[in-house]
Amino acid sequence: MEKIKILIADDHSMVREGLKQLIELEEDIEVVAQAGNGIEAIEKIEAYKPDIVLLDINMPVMNGLEVIQRLKDTGINTSILMLTIHNEVEYLYKAEEIGIQGYVLKDSEADVLIKAIHQIYNGDVYIQPSMAAKLHRRMNGKPEYNEATELLTKREVEVLKLITEGMLNKEIADRLGISEKTVKNHISNIFKKIDVSDRTQAAVFAIKNKVVDVF
């Protein structure tokens with residue numbers, strides 16, 4: 001069985017070891033390397049070529065956002081699952097702009113992290129529902145008006161809400177009582193109408209424009 005290769009980048013060794021023990025309880029996941037600062041993370045990403053990097057935002061030498069930007073600039077293609085705490089929410093809009101595949105709070109239950117890893121490995125994006133709520137609460141003022149929101153059908157809004165909750169296509173299909181193919185068609189239409197290219201961007205759009213109620 002081919003295992004999902006993980007690199008953990010966090011400046012606290014106890015956090016890294018705890019995550020390693022937790023993750024490796026899963027038979028299909030393997031921690032191939034650890035890093036305690038941003039520069040070390042980049043060096044080990046280049047050396048070990050992990051499938052997914054669990055990346056802390058606050059790290060010495062080079063922070064998580066700088067690491068993501070450096071990887072992008074040098075053309076290194078690896079999926080990033082950002083680990084964060086609630087008072088770092090302001091960084092997430094920037095992280096989304098740079099390009100990451102997931103947001104998970106450090107105090108999440110184990111099954112949330114494992115679900116995020118599997119979802120990202122399968123080519124999807126994971127945004128933790130509670131994170132979406134925190135992002136929404138931190139927003140100031142009224143949302144920017146975007147005429148694209150008026151183009152969405154009632155069903156597309158329902159699908160977009162479930163995307164924002166971090167659901168997979170199959171889960172959305174089961175919730176709405178429709179086929180996965182229909183879900184894929186709805187998502188394709190949503191992406192075109194609101195001019196985004198992935199699920200994280202769609203979720204952020206929904207939050208910014210209050211298309212969905214995440215409270």
# chains A, B, ... in the order shown; residues from 1 in each chain; ligands from 1
call {"tool": "residues_around", "arguments": {"residues": "Phe191 of chain A", "least_positions_apart": "4", "cutoff": "12 Å", "atoms": "only C-alpha atoms", "output": "list in words"}}
result
Ala148, Thr149, Leu151, Leu152, Glu156, Val157, Val159, Leu160, Ile163, Lys184, Asn185, His186, Ile187, Asp195, Val196, Ser197, Asp198, Arg199, Thr200, Gln201, Ala202, Ala203, Phe205 and Ala206 of chain A
call {"tool": "write_last_selection", "arguments": {"atoms": "N, CA and C atoms", "output": "short mmCIF file (atom, residue, chain, number, x, y, z; two decimals), in the first residue's frame"}}
result
data_model
loop_
_atom_site.label_atom_id
_atom_site.label_comp_id
_atom_site.auth_asym_id
_atom_site.auth_seq_id
_atom_site.Cartn_x
_atom_site.Cartn_y
_atom_site.Cartn_z
N ALA A 148 -21.85 38.65 -9.02
CA ALA A 148 -21.81 37.22 -9.32
C ALA A 148 -22.72 36.44 -8.38
N THR A 149 -22.94 36.96 -7.16
CA THR A 149 -23.79 36.24 -6.21
C THR A 149 -25.22 36.11 -6.73
N LEU A 151 -26.08 35.49 -9.68
CA LEU A 151 -26.15 34.50 -10.75
C LEU A 151 -26.36 33.09 -10.23
N LEU A 152 -26.12 32.89 -8.95
CA LEU A 152 -26.22 31.55 -8.38
C LEU A 152 -27.68 31.14 -8.17
N GLU A 156 -27.36 25.92 -6.27
CA GLU A 156 -25.92 26.23 -6.26
C GLU A 156 -25.50 26.86 -4.94
N VAL A 157 -26.37 27.67 -4.36
CA VAL A 157 -26.09 28.24 -3.04
C VAL A 157 -26.02 27.14 -1.99
N VAL A 159 -25.15 24.01 -2.51
CA VAL A 159 -23.89 23.30 -2.74
C VAL A 159 -22.71 24.12 -2.22
N LEU A 160 -22.73 25.42 -2.47
CA LEU A 160 -21.65 26.30 -2.02
C LEU A 160 -21.56 26.30 -0.49
N ILE A 163 -19.83 23.16 0.51
CA ILE A 163 -18.40 23.27 0.20
C ILE A 163 -17.70 24.03 1.32
N LYS A 184 -20.87 17.61 -9.19
CA LYS A 184 -19.73 18.09 -9.96
C LYS A 184 -20.16 19.17 -10.97
N ASN A 185 -21.30 18.96 -11.59
CA ASN A 185 -21.81 19.95 -12.55
C ASN A 185 -22.15 21.26 -11.85
N HIS A 186 -22.77 21.16 -10.68
CA HIS A 186 -23.10 22.37 -9.91
C HIS A 186 -21.83 23.12 -9.53
N ILE A 187 -20.83 22.38 -9.06
CA ILE A 187 -19.58 23.01 -8.63
C ILE A 187 -18.88 23.69 -9.80
N ASP A 195 -16.07 33.08 -10.64
CA ASP A 195 -14.71 33.26 -11.14
C ASP A 195 -13.65 32.82 -10.13
N VAL A 196 -13.75 31.57 -9.70
CA VAL A 196 -12.72 30.98 -8.83
C VAL A 196 -12.28 29.67 -9.46
N SER A 197 -11.16 29.13 -8.95
CA SER A 197 -10.61 27.91 -9.54
C SER A 197 -10.55 26.73 -8.59
N ASP A 198 -10.86 26.94 -7.30
CA ASP A 198 -10.84 25.80 -6.39
C ASP A 198 -11.82 26.03 -5.24
N ARG A 199 -11.96 25.02 -4.38
CA ARG A 199 -12.97 25.04 -3.33
C ARG A 199 -12.64 26.05 -2.22
N THR A 200 -11.35 26.21 -1.93
CA THR A 200 -10.99 27.19 -0.90
C THR A 200 -11.38 28.59 -1.34
N GLN A 201 -11.07 28.94 -2.59
CA GLN A 201 -11.43 30.25 -3.11
C GLN A 201 -12.95 30.43 -3.10
N ALA A 202 -13.68 29.35 -3.42
CA ALA A 202 -15.14 29.42 -3.42
C ALA A 202 -15.66 29.66 -2.00
N ALA A 203 -15.06 28.98 -1.01
CA ALA A 203 -15.49 29.15 0.37
C ALA A 203 -15.20 30.56 0.86
N PHE A 205 -14.93 33.24 -0.99
CA PHE A 205 -15.88 34.11 -1.69
C PHE A 205 -17.22 34.11 -0.96
N ALA A 206 -17.68 32.91 -0.58
CA ALA A 206 -18.97 32.79 0.09
C ALA A 206 -18.98 33.54 1.41
#
call {"tool": "residues_around", "arguments": {"residues": "segment 47-53 of chain A", "least_positions_apart": "2", "cutoff": "10 Å", "atoms": "only C-alpha atoms", "output": "JSON, numbers by chain"}}
result
{"A": [3, 4, 5, 6, 7, 8, 9, 30, 31, 32, 33, 34, 41, 42, 43, 44, 45, 55, 56, 76, 77, 78, 79, 80, 81, 82, 83, 101, 117, 118, 120, 121]}
